[in-house]
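Enquirer: Pasting coords33.cif below, which is mmCIF, C-alpha atoms.
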```
data_run
#
loop_
_atom_site.label_atom_id
_atom_site.label_comp_id
_atom_site.auth_asym_id
_atom_site.auth_seq_id
_atom_site.Cartn_x
_atom_site.Cartn_y
_atom_site.Cartn_z
CA ALA A 1 106.57 -89.04 72.11
CA ARG A 2 103.79 -89.11 69.49
CA ARG A 3 105.89 -86.85 67.27
CA ASP A 4 109.03 -89.04 67.58
CA LYS A 5 108.80 -91.72 64.89
CA GLY A 6 111.42 -93.90 66.59
CA LEU A 7 109.51 -94.01 69.88
CA MET A 8 106.24 -94.62 68.05
CA LYS A 9 107.79 -97.55 66.15
CA LEU A 10 108.92 -99.05 69.44
CA ALA A 11 105.45 -98.71 71.01
CA VAL A 12 103.75 -100.19 67.92
CA ALA A 13 106.20 -103.13 67.78
CA ASN A 14 105.75 -103.75 71.51
CA ALA A 15 102.00 -104.01 70.87
CA GLY A 16 102.69 -106.89 68.46
CA LEU A 17 102.09 -104.94 65.26
CA ARG A 18 104.47 -105.00 62.29
CA VAL A 19 106.81 -102.07 61.69
CA ALA A 20 109.57 -101.48 59.17
CA LYS A 21 113.02 -102.51 60.40
CA TYR A 22 114.81 -99.42 61.67
CA ALA A 23 117.84 -98.07 63.49
CA ARG A 24 118.85 -94.72 64.96
CA LEU A 25 121.80 -93.05 63.29
CA THR A 26 123.50 -90.80 65.83
CA HIS A 27 126.75 -89.85 64.10
CA GLY A 28 125.66 -88.91 60.59
CA LYS A 29 128.68 -90.86 59.34
CA GLY A 30 129.23 -94.03 57.34
CA VAL A 31 130.04 -96.41 60.21
CA ASP A 32 126.54 -95.91 61.63
CA ILE A 33 124.95 -96.72 58.30
CA ILE A 34 127.21 -99.64 57.35
CA GLU A 35 126.70 -101.37 60.71
CA SER A 36 122.95 -100.74 60.79
CA VAL A 37 122.34 -101.96 57.23
CA LYS A 38 124.33 -105.11 57.99
CA GLU A 39 122.70 -105.74 61.39
CA LEU A 40 119.16 -105.25 60.05
CA GLU A 41 119.97 -107.29 56.92
CA LEU A 42 118.71 -104.50 54.64
CA ASN A 43 119.17 -104.06 50.93
CA TYR A 44 119.19 -100.74 49.12
CA PRO A 45 117.18 -98.65 48.64
CA VAL A 46 116.72 -97.63 52.27
CA VAL A 47 114.90 -94.68 53.81
CA VAL A 48 116.67 -92.07 55.92
CA LYS A 49 114.45 -89.54 57.65
CA THR A 50 114.18 -87.10 60.48
CA PRO A 51 112.55 -88.60 63.59
CA ARG A 52 110.15 -85.68 64.12
CA GLY A 53 109.18 -84.91 60.56
CA MET A 54 105.86 -84.17 59.00
CA GLY A 55 104.71 -84.80 55.48
CA THR A 56 107.70 -85.79 53.41
CA SER A 57 110.07 -83.18 54.88
CA ASP A 58 113.56 -84.62 55.34
CA VAL A 59 112.59 -88.07 54.02
CA PHE A 60 115.15 -89.53 51.62
CA ILE A 61 114.97 -92.75 49.62
CA CYS A 62 118.64 -93.67 49.27
CA LYS A 63 119.77 -96.04 46.51
CA ASP A 64 123.25 -96.60 47.98
CA GLU A 65 125.51 -96.02 50.97
CA ALA A 66 126.76 -92.65 49.70
CA GLU A 67 123.22 -91.24 49.45
CA ALA A 68 122.37 -92.63 52.90
CA MET A 69 125.46 -90.95 54.40
CA GLU A 70 124.59 -87.64 52.74
CA ALA A 71 120.99 -87.78 53.99
CA SER A 72 122.04 -88.77 57.51
CA ALA A 73 124.64 -86.00 57.70
CA HIS A 74 121.98 -83.51 56.58
CA ILE A 75 119.61 -84.60 59.37
CA VAL A 76 121.85 -85.38 62.37
CA ARG A 77 122.39 -82.29 64.49
CA GLY A 78 120.57 -80.13 61.95
CA ILE A 79 117.32 -78.27 62.43
CA GLY A 80 114.30 -80.45 61.75
CA PRO A 81 111.05 -79.44 60.07
CA ASP A 82 109.61 -78.75 63.53
CA GLY A 83 112.29 -76.10 64.18
CA ARG A 84 114.14 -78.12 66.82
CA LYS A 85 117.68 -79.51 66.73
CA THR A 86 117.73 -83.13 65.56
CA GLN A 87 119.87 -85.54 67.59
CA TYR A 88 119.61 -88.55 65.28
CA ALA A 89 118.23 -89.78 61.96
CA LEU A 90 116.15 -92.89 61.38
CA LEU A 91 117.33 -95.53 58.92
CA GLU A 92 114.45 -97.72 57.75
CA GLU A 93 113.90 -100.56 55.36
CA PHE A 94 112.22 -99.42 52.17
CA ILE A 95 108.76 -100.93 51.81
CA GLY A 96 107.20 -101.00 48.38
CA GLY A 97 103.55 -100.72 47.51
CA GLU A 98 101.07 -97.90 47.79
CA GLU A 99 100.90 -95.51 50.72
CA PHE A 100 97.70 -94.88 52.62
CA ALA A 101 96.85 -92.21 55.16
CA VAL A 102 94.21 -93.39 57.61
CA ASN A 103 92.51 -90.69 59.69
CA LEU A 104 90.78 -91.66 62.92
CA VAL A 105 88.80 -90.25 65.81
CA ALA A 106 89.53 -91.62 69.27
CA SER A 107 86.96 -91.49 72.05
CA PRO A 108 85.89 -93.88 74.80
CA THR A 109 82.34 -93.57 73.44
CA THR A 110 83.18 -95.06 70.01
CA PRO A 111 83.26 -98.80 69.30
CA ARG A 112 86.71 -100.20 70.15
CA GLY A 113 87.72 -96.71 71.39
CA VAL A 114 88.70 -95.48 67.94
CA GLN A 115 86.98 -95.11 64.58
CA VAL A 116 88.32 -94.51 61.07
CA SER A 117 86.85 -91.39 59.49
CA ASP A 118 88.53 -91.58 56.08
CA ILE A 119 91.35 -93.19 54.10
CA TRP A 120 93.47 -91.52 51.43
CA MET A 121 95.53 -93.48 48.91
CA TYR A 122 98.68 -91.63 47.82
CA HIS A 123 100.22 -92.18 44.42
CA LYS A 124 103.67 -90.67 44.99
CA GLN A 125 106.02 -89.90 42.15
CA TYR A 126 109.79 -89.72 42.73
CA THR A 127 112.74 -88.28 40.86
CA ASP A 128 116.25 -89.14 42.08
CA GLY A 129 114.86 -90.39 45.41
CA THR A 130 112.98 -87.16 46.10
CA MET A 131 109.19 -87.03 46.11
CA VAL A 132 108.06 -84.53 43.49
CA ASN A 133 104.31 -85.06 43.20
CA THR A 134 101.45 -86.81 44.95
CA ILE A 135 98.07 -87.69 43.55
CA GLN A 136 95.59 -88.39 46.34
CA GLU A 137 92.45 -90.46 46.12
CA MET A 138 89.89 -90.87 48.91
CA VAL A 139 88.71 -94.47 49.35
CA ASP A 140 85.84 -95.99 51.33
CA PRO A 141 87.08 -97.28 54.73
CA HIS A 142 84.01 -99.52 55.03
CA LYS A 143 84.87 -101.62 51.99
CA ARG A 144 86.31 -105.08 52.70
CA ALA A 145 89.34 -104.26 50.52
CA TYR A 146 90.61 -101.87 53.24
CA SER A 147 89.67 -103.89 56.35
CA GLU A 148 93.26 -104.86 57.24
CA LEU A 149 94.37 -101.23 56.97
CA VAL A 150 91.52 -100.14 59.26
CA ARG A 151 92.35 -102.78 61.91
CA TYR A 152 96.06 -101.96 61.77
CA ALA A 153 95.48 -98.20 62.11
CA GLU A 154 93.16 -98.76 65.08
CA GLY A 155 95.85 -100.92 66.69
CA VAL A 156 98.49 -98.23 66.15
CA CYS A 157 96.30 -95.64 67.89
CA ARG A 158 95.86 -97.90 70.89
CA ALA A 159 99.59 -98.77 70.93
CA VAL A 160 100.71 -95.14 71.13
CA GLY A 161 98.06 -94.28 73.71
CA ILE A 162 95.69 -92.08 71.74
CA LYS A 163 92.38 -92.08 73.63
CA TYR A 164 90.88 -88.71 72.72
CA GLY A 165 90.91 -86.66 69.54
CA MET A 166 92.15 -87.01 66.01
CA ALA A 167 94.87 -89.37 64.79
CA HIS A 168 96.66 -90.01 61.50
CA VAL A 169 98.38 -93.30 60.57
CA GLU A 170 100.42 -93.84 57.41
CA ILE A 171 100.60 -97.39 56.03
CA LYS A 172 102.33 -99.01 53.05
CA ALA A 173 100.31 -101.84 51.51
CA GLU A 174 100.17 -104.03 48.44
CA TRP A 175 97.16 -105.37 46.57
CA ASP A 176 96.56 -109.11 47.08
CA GLU A 177 94.75 -110.47 44.01
CA LYS A 178 93.89 -113.76 45.69
CA ARG A 179 92.29 -112.14 48.74
CA ASN A 180 90.97 -109.16 46.77
CA LYS A 181 92.16 -106.68 49.41
CA TRP A 182 95.05 -104.43 50.44
CA ILE A 183 97.52 -106.07 52.83
CA LYS A 184 100.26 -104.46 54.87
#
```
Take the structure from the file and write it as structure tokens.
Expert:
Amino acid sequence: ARRDKGLMKLAVANAGLRVAKYARLTHGKGVDIIESVKELELNYPVVVKTPRGMGTSDVFICKDEAEAMEASAHIVRGIGPDGRKTQYALLEEFIGGEEFAVNLVASPTTPRGVQVSDIWMYHKQYTDGTMVNTIQEMVDPHKRAYSELVRYAEGVCRAVGIKYGMAHVEIKAEWDEKRNKWIK
């Protein structure tokens, strides 16, 4: 379940943490997308991605319904990046801001059961909705500016049941001038 992004979103939301609005697209056709966009009250762009992806494989930022249908059709019942047949695609709200990767170590012997080891800030560059380049910058997880990201990532680990070993949480955040910190 920790590889299925839909199940992870459900566990994280059930723990009271914020997640992007999402729906499962099972048909790879327009009716799925039209109904889901309307029900979730989304605006374009939206994200369509494989539920068991890694990195940015099979992640599409779609500027309209036609692009979302094309991306969904590509994913549903295709072979995912993990080599297994994909039964559905995820439709998600597009969240702006910068992306952070928070790496953690979980162990019952650490404070709060989990500890952040490092944070990477990604500066992604897109062309026609496809990610073409990423500039990565390591930031100090102990600085106050990243405290909300640290707490959120720790909460995600607990929500999905990670108690031992390494974990990786990706977060979109924006800089809050007033509070002088990144907020999710």
Enquirer: Just the number, please: distance in Å from CA of Met69 (chain A) to CA of Ile33 (chain A), one decimal.
Expert: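 Here the two named atoms are 7.0 Å from each other.
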Enquirer: If we count only C-alpha atoms, what is near region 15-23 of chain A at a cut-off of 9 Å, once residues fewer than 6 positions away on the same chain are taken out, given as a PyMOL selection string?
Expert: chain A and resi 6+9+33+36-37+40+42+89-95+152+155-156+158-160+184
Enquirer: Find the residues around Ile34 (chain A) up to 12 Å (all atoms listed in the file counted), leave out those fewer than 2 positions away in its own chain, and share them as a list in words.
Expert: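 So the residues in contact are Ala23, Leu25, His27, Gly28, Lys29, Gly30, Val31, Asp32, Ser36, Val37, Lys38, Glu39, Leu40, Glu41, Leu42, Asn43, Tyr44, Val46, Asp64, Glu65, Ala66, Ala68, Met69 and Leu91 of chain A.
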Enquirer: Could you state the separation of CA of Thr110 (chain A) and CA of Tyr122 (chain A) in Å, given to one decimal place?
Expert: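 Interatomic distance here is 27.3 Å.
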Enquirer: Listing only residues of region 86-129 of chain A within 9 Å of region 139-146 of chain A, what is the closest atom pair and its distance in Å (to one decimal) for each, using only C-alpha atoms, sorted by chain and residue number ascending, as CSV?
Expert:
```
residue,atom,partner,partner_atom,distance
A:Val102,CA,A:Pro141,CA,8.6
A:Val116,CA,A:Pro141,CA,7.0
A:Ser117,CA,A:Pro141,CA,7.6
A:Asp118,CA,A:Pro141,CA,6.0
A:Ile119,CA,A:Val139,CA,5.6
A:Trp120,CA,A:Val139,CA,6.0
A:Met121,CA,A:Val139,CA,6.9
```
Enquirer: Separation of CA of Glu148 (chain A) and CA of His123 (chain A), in Å?
Expert: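 Taking CA of Glu148 (chain A) as the start and CA of His123 (chain A) as the end point, the length is 19.3 Å.
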Enquirer: Specify as a ChimeraX atom specification each residue included when the PyMOL selection byres ((chain A and resi 74) around 10) is applied to this file.
Expert: /A:28,49-50,58,68-73,75-80,86,89
Enquirer: Evaluate the PyMOL selection byres ((chain A and resi 61) around 8) here and jot the selected residues down as a list in words.
Expert: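 Here the PyMOL selection byres ((chain A and resi 61) around 8) matches Pro45, Val46, Val47, Val48, Val59, Phe60, Cys62, Lys63, Phe94, Gly129 and Thr130 of chain A.
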Enquirer: Give the answer as one residue: which of A:Pro108, A:Ala11, A:Glu99, A:Pro51 has the shortest atom-to-atom distance to Lys85 (chain A), using only C-alpha atoms?
Expert: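 Nearest candidate to Lys85 (chain A) out of A:Pro108, A:Ala11, A:Glu99, A:Pro51: A:Pro51.
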Enquirer: Around the point (107.9, -84.1, 66.2) in the file's coordinates, collect all residues with an atom within 10 Å, using only C-alpha atoms, and return them as a PyMOL selection string.
Expert: chain A and resi 1-5+50-54+80-84+86
Enquirer: For the provided coordinates, the residues matched by the PyMOL selection byres ((chain A and resi 179) around 12) should be stated as a list in words.
Expert: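 Checking the PyMOL selection byres ((chain A and resi 179) around 12) against this file, the residues are Arg144, Ala145, Tyr146, Ser147, Glu148, Glu174, Trp175, Asp176, Glu177, Lys178, Asn180, Lys181, Trp182 and Ile183 of chain A.
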Enquirer: Restricting the calculation to only C-alpha atoms, which member of A:Ser57, A:Asn103, A:Thr134, A:Gln125 is positioned closest to Met166 (chain A)?
Expert: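 Distance minimum relative to Met166 (chain A) lands on A:Asn103.
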